[in-house]
Amino acid sequence: MFTPAALANETWELERRSPYNEAIQQASPLTHTPLTKANKPWKLCALVPHLKDAYWIGIDYGLAKQSQALGLGLELHEAGGYGNNQTQLAQLKSCLDGDADAILLGAVSPHLLEGQALELTKPVLALVNQLADNRVRTHIGVNWYQMGYLTGEFLASTPYKRLAMLAGPEGRGGTDLVEKGVRQALQDSQVEIVAVMHADNNRNLYRDQLNLLLNQSEQPLPQALLGSAVAIEAAMGTLRQRNLTNKMALVSSYLSPDVLRALKRNKVAYANDDRVVLQGRLAVDLAVRLLQGEKAFGDIGPAILQLRPDNLKSMQLDDSLAPADFYPIYRVEAKGSKLSR
């Protein structure tokens, strides 16, 4: 549990990036001191694509705990998955019409608001995912092009020559940006991308896609497989069943508890860590600052950590994942510190 006292001596090492909402950005380091109290018990509305994996559960943990520490109210709604634009738009309208003071929007599509006659009468901050709307000038998260580029740089430094990608939902979240970053980093390398498969972030869908790839007997096996944490989790089980565990290097574009355990056991070669708990905490902090008169913060978030089996012990991962016993929280009551699931 976070308390105001626990925040008193805390600082966060962040990056502020520009130009805003662009794929290729320049980053400036920033030491940020979080608020230890709010001027009033503000109420926040958070909208996320889903809570189906450790990534968004970690965001939820950061949102809920920072809201609790500052005595804020929080309501969280999930759209049920990428592609559910109408569900999220209805949730957004409800938050705009309700008693929320500010909205944290983890958009199911960067173009969610295009063509919509929605007046943003309250501060709206983009959470994790980019949002293409000139009225929204604060984005909490990392650069997903950079997430892909760093992953590609790692692969370019290895002897692997054949790479398959189990990518996320096409055109949603950070999928396209990750792919662009990977391709750019591999442009002058020996690595050939032999397959790219898209699916919603679902283990069963990824498992089916990987089996299709492995069943193509006329093609040699990829030497490396890159995917989301959910895809890599699915791949570990599939490769184990086929006695292929050590035949293909696994690379994850972001971190999950299972991927972290696999890194520790040398079963995953590399993973990015964009510190999702810190992102959630930062989103709450910046929402309060905007409500209390500060200006928009642009693109801001943690620096991306690059995790390998040989450097894990030197990494600080306290704000990277939700605790193992954490269950999603959908409501925090202002001042009372009551949590609802």
# chains A, B, ... in the order shown; residues from 1 in each chain; ligands from 1
$ select_by_dssp --residues "stretch 106-291 of chain A" --states "strand (DSSP E)" --output "MDAnalysis selection string"
chainID A and resid 124:127 138:140 162:167 192:198 224:227 249:252 270:273
$ residues_around --residues "A:Pro309" --least-positions-apart "3" --cutoff "7 Å" --atoms "only C-alpha atoms" --output "PyMOL selection string"
chain A and resi 263-264+266+269+312
$ select_by_dssp --residues "stretch 136-289 of chain A" --states "helix (DSSP H, G or I)" --output "number ranges by chain"
A: 144-156, 175-185, 203-214, 229-241, 257-264, 276-289
$ write_last_selection --atoms "C-alpha atoms" --output "PDB file, in the first residue's frame"
ATOM      1  CA  TRP A 144       6.952   2.207 -28.955  1.00  0.00           C
ATOM      2  CA  TYR A 145       9.049   2.823 -32.058  1.00  0.00           C
ATOM      3  CA  GLN A 146      12.013   2.951 -29.671  1.00  0.00           C
ATOM      4  CA  MET A 147      10.793  -0.251 -27.981  1.00  0.00           C
ATOM      5  CA  GLY A 148      10.985  -1.930 -31.378  1.00  0.00           C
ATOM      6  CA  TYR A 149      14.280  -0.313 -32.311  1.00  0.00           C
ATOM      7  CA  LEU A 150      16.012  -1.432 -29.110  1.00  0.00           C
ATOM      8  CA  THR A 151      14.730  -4.968 -29.635  1.00  0.00           C
ATOM      9  CA  GLY A 152      15.995  -4.903 -33.219  1.00  0.00           C
ATOM     10  CA  GLU A 153      19.381  -3.611 -32.068  1.00  0.00           C
ATOM     11  CA  PHE A 154      19.677  -6.571 -29.717  1.00  0.00           C
ATOM     12  CA  LEU A 155      18.784  -9.022 -32.497  1.00  0.00           C
ATOM     13  CA  ALA A 156      21.285  -7.374 -34.850  1.00  0.00           C
ATOM     14  CA  THR A 175       2.103  -2.780 -32.761  1.00  0.00           C
ATOM     15  CA  ASP A 176       2.862  -0.800 -35.923  1.00  0.00           C
ATOM     16  CA  LEU A 177       5.449   1.373 -34.192  1.00  0.00           C
ATOM     17  CA  VAL A 178       7.244  -1.671 -32.765  1.00  0.00           C
ATOM     18  CA  GLU A 179       7.401  -3.253 -36.216  1.00  0.00           C
ATOM     19  CA  LYS A 180       8.756  -0.066 -37.787  1.00  0.00           C
ATOM     20  CA  GLY A 181      11.413   0.235 -35.090  1.00  0.00           C
ATOM     21  CA  VAL A 182      12.488  -3.393 -35.472  1.00  0.00           C
ATOM     22  CA  ARG A 183      12.741  -3.097 -39.252  1.00  0.00           C
ATOM     23  CA  GLN A 184      14.772   0.106 -39.015  1.00  0.00           C
ATOM     24  CA  ALA A 185      17.242  -1.409 -36.556  1.00  0.00           C
ATOM     25  CA  ARG A 203      -2.442 -16.704 -25.901  1.00  0.00           C
ATOM     26  CA  ASN A 204      -4.667 -19.094 -27.848  1.00  0.00           C
ATOM     27  CA  LEU A 205      -4.500 -16.971 -30.996  1.00  0.00           C
ATOM     28  CA  TYR A 206      -0.723 -16.680 -30.754  1.00  0.00           C
ATOM     29  CA  ARG A 207      -0.415 -20.417 -30.106  1.00  0.00           C
ATOM     30  CA  ASP A 208      -2.433 -21.162 -33.244  1.00  0.00           C
ATOM     31  CA  GLN A 209      -0.297 -18.817 -35.314  1.00  0.00           C
ATOM     32  CA  LEU A 210       2.952 -20.295 -34.051  1.00  0.00           C
ATOM     33  CA  ASN A 211       1.732 -23.816 -34.782  1.00  0.00           C
ATOM     34  CA  LEU A 212       0.879 -22.754 -38.337  1.00  0.00           C
ATOM     35  CA  LEU A 213       4.392 -21.385 -38.717  1.00  0.00           C
ATOM     36  CA  LEU A 214       6.031 -24.500 -37.287  1.00  0.00           C
ATOM     37  CA  ALA A 229       4.948 -10.835 -23.634  1.00  0.00           C
ATOM     38  CA  VAL A 230       1.682 -12.739 -24.169  1.00  0.00           C
ATOM     39  CA  ALA A 231       2.989 -14.143 -27.457  1.00  0.00           C
ATOM     40  CA  ILE A 232       6.256 -15.228 -25.856  1.00  0.00           C
ATOM     41  CA  GLU A 233       4.382 -16.855 -22.965  1.00  0.00           C
ATOM     42  CA  ALA A 234       2.356 -18.849 -25.499  1.00  0.00           C
ATOM     43  CA  ALA A 235       5.491 -19.712 -27.456  1.00  0.00           C
ATOM     44  CA  MET A 236       7.295 -21.125 -24.421  1.00  0.00           C
ATOM     45  CA  GLY A 237       4.568 -23.730 -23.924  1.00  0.00           C
ATOM     46  CA  THR A 238       4.258 -24.564 -27.618  1.00  0.00           C
ATOM     47  CA  LEU A 239       7.996 -24.999 -28.115  1.00  0.00           C
ATOM     48  CA  ARG A 240       8.216 -27.148 -24.995  1.00  0.00           C
ATOM     49  CA  GLN A 241       5.467 -29.452 -26.297  1.00  0.00           C
ATOM     50  CA  PRO A 257       5.967 -11.977 -14.670  1.00  0.00           C
ATOM     51  CA  ASP A 258       6.346 -15.110 -16.819  1.00  0.00           C
ATOM     52  CA  VAL A 259       8.845 -13.413 -19.110  1.00  0.00           C
ATOM     53  CA  LEU A 260      10.835 -12.206 -16.090  1.00  0.00           C
ATOM     54  CA  ARG A 261      10.949 -15.743 -14.679  1.00  0.00           C
ATOM     55  CA  ALA A 262      12.071 -17.040 -18.065  1.00  0.00           C
ATOM     56  CA  LEU A 263      14.816 -14.411 -18.251  1.00  0.00           C
ATOM     57  CA  LYS A 264      16.076 -15.577 -14.874  1.00  0.00           C
ATOM     58  CA  VAL A 276       4.219   0.000 -16.299  1.00  0.00           C
ATOM     59  CA  VAL A 277       3.558   0.526 -12.587  1.00  0.00           C
ATOM     60  CA  LEU A 278       5.516   3.772 -12.706  1.00  0.00           C
ATOM     61  CA  GLN A 279       3.552   4.800 -15.802  1.00  0.00           C
ATOM     62  CA  GLY A 280       0.291   4.351 -13.894  1.00  0.00           C
ATOM     63  CA  ARG A 281       1.589   6.277 -10.910  1.00  0.00           C
ATOM     64  CA  LEU A 282       2.917   9.065 -13.129  1.00  0.00           C
ATOM     65  CA  ALA A 283      -0.420   9.350 -14.950  1.00  0.00           C
ATOM     66  CA  VAL A 284      -2.221  10.057 -11.680  1.00  0.00           C
ATOM     67  CA  ASP A 285       0.427  12.558 -10.594  1.00  0.00           C
ATOM     68  CA  LEU A 286       0.264  14.491 -13.868  1.00  0.00           C
ATOM     69  CA  ALA A 287      -3.540  14.474 -13.972  1.00  0.00           C
ATOM     70  CA  VAL A 288      -3.583  16.151 -10.569  1.00  0.00           C
ATOM     71  CA  ARG A 289      -0.973  18.673 -11.675  1.00  0.00           C
TER      72      ARG A 289
END
$ atom_distance --atom1 "atom CA of A:Gly168" --atom2 "atom CA of A:His139"
21.0 Å
$ residues_around --residues "stretch 192-197 of chain A" --least-positions-apart "2" --cutoff "6 Å" --atoms "only C-alpha atoms" --output "PDB file with N, CA and C atoms, in the first residue's frame"
ATOM      1  N   LYS A 161      19.817 -15.325 -37.878  1.00  0.00           N
ATOM      2  CA  LYS A 161      19.606 -14.788 -39.227  1.00  0.00           C
ATOM      3  C   LYS A 161      18.158 -14.846 -39.680  1.00  0.00           C
ATOM      4  N   ARG A 162      17.358 -15.705 -39.078  1.00  0.00           N
ATOM      5  CA  ARG A 162      15.955 -15.839 -39.496  1.00  0.00           C
ATOM      6  C   ARG A 162      15.055 -15.486 -38.312  1.00  0.00           C
ATOM      7  N   LEU A 163      14.252 -14.439 -38.475  1.00  0.00           N
ATOM      8  CA  LEU A 163      13.400 -13.930 -37.394  1.00  0.00           C
ATOM      9  C   LEU A 163      11.934 -14.019 -37.796  1.00  0.00           C
ATOM     10  N   ALA A 164      11.112 -14.554 -36.903  1.00  0.00           N
ATOM     11  CA  ALA A 164       9.657 -14.513 -37.052  1.00  0.00           C
ATOM     12  C   ALA A 164       9.091 -13.589 -35.988  1.00  0.00           C
ATOM     13  N   MET A 165       8.015 -12.887 -36.334  1.00  0.00           N
ATOM     14  CA  MET A 165       7.394 -11.954 -35.400  1.00  0.00           C
ATOM     15  C   MET A 165       5.945 -12.340 -35.159  1.00  0.00           C
ATOM     16  N   LEU A 166       5.606 -12.530 -33.883  1.00  0.00           N
ATOM     17  CA  LEU A 166       4.213 -12.690 -33.467  1.00  0.00           C
ATOM     18  C   LEU A 166       3.761 -11.329 -32.959  1.00  0.00           C
ATOM     19  N   ALA A 167       3.260 -10.514 -33.855  1.00  0.00           N
ATOM     20  CA  ALA A 167       2.927  -9.132 -33.517  1.00  0.00           C
ATOM     21  C   ALA A 167       1.520  -9.038 -32.942  1.00  0.00           C
TER      22      ALA A 167
END
$ closest_atom_pairs --of "stretch 9-54 of chain A" --to "stretch 103-121 of chain A" --cutoff "10 Å" --atoms "only C-alpha atoms" --output "JSON lines"
{"residue": "A:Lys43", "atom": "CA", "partner": "A:Ile103", "partner_atom": "CA", "distance": 9.0}
{"residue": "A:Leu44", "atom": "CA", "partner": "A:Ile103", "partner_atom": "CA", "distance": 5.9}
{"residue": "A:Cys45", "atom": "CA", "partner": "A:Ile103", "partner_atom": "CA", "distance": 4.8}
{"residue": "A:Ala46", "atom": "CA", "partner": "A:Leu104", "partner_atom": "CA", "distance": 4.6}
{"residue": "A:Leu47", "atom": "CA", "partner": "A:Leu105", "partner_atom": "CA", "distance": 5.0}
{"residue": "A:Val48", "atom": "CA", "partner": "A:Gly106", "partner_atom": "CA", "distance": 4.6}
{"residue": "A:Pro49", "atom": "CA", "partner": "A:Val108", "partner_atom": "CA", "distance": 5.3}
{"residue": "A:His50", "atom": "CA", "partner": "A:Val108", "partner_atom": "CA", "distance": 9.0}
$ write_last_selection --atoms "C-alpha atoms" --output "mmCIF file, in the first residue's frame"
data_model
loop_
_atom_site.group_PDB
_atom_site.id
_atom_site.type_symbol
_atom_site.label_atom_id
_atom_site.label_comp_id
_atom_site.auth_asym_id
_atom_site.auth_seq_id
_atom_site.Cartn_x
_atom_site.Cartn_y
_atom_site.Cartn_z
ATOM 1 C CA LYS A 43 -11.899 12.135 -9.108
ATOM 2 C CA LEU A 44 -10.207 10.471 -12.072
ATOM 3 C CA CYS A 45 -11.711 8.293 -14.785
ATOM 4 C CA ALA A 46 -9.351 5.784 -16.431
ATOM 5 C CA LEU A 47 -10.247 4.003 -19.671
ATOM 6 C CA VAL A 48 -8.107 1.063 -20.809
ATOM 7 C CA PRO A 49 -8.376 -1.387 -23.717
ATOM 8 C CA HIS A 50 -8.534 -4.441 -21.444
#
$ closest_residue --among "A:Thr158, A:Gln86, A:Gln223, A:Asn143" --to "A:Leu244" --atoms "only C-alpha atoms"
A:Gln223
$ atom_distance --atom1 "atom CA of A:Asn243" --atom2 "atom CA of A:Ser228"
21.9 Å
$ atom_distance --atom1 "atom CA of A:Gly81" --atom2 "atom CA of A:His198"
14.5 Å
$ closest_atom_pairs --of "stretch 124-177 of chain A" --to "stretch 16-22 of chain A" --cutoff "9 Å" --atoms "only C-alpha atoms" --output "CSV"
residue,atom,partner,partner_atom,distance
A:Gln130,CA,A:Asn21,CA,6.7
A:Leu131,CA,A:Asn21,CA,8.0
A:Ala132,CA,A:Asn21,CA,7.7
A:Arg137,CA,A:Tyr20,CA,7.9
A:Thr138,CA,A:Tyr20,CA,8.8
A:His139,CA,A:Asn21,CA,8.1
A:Val142,CA,A:Arg17,CA,8.9
A:Asn143,CA,A:Arg17,CA,8.5
$ closest_residue --among "A:Asp101, A:Gln68, A:Asn9, A:Ser157" --to "A:Gln292" --atoms "only C-alpha atoms"
A:Asp101
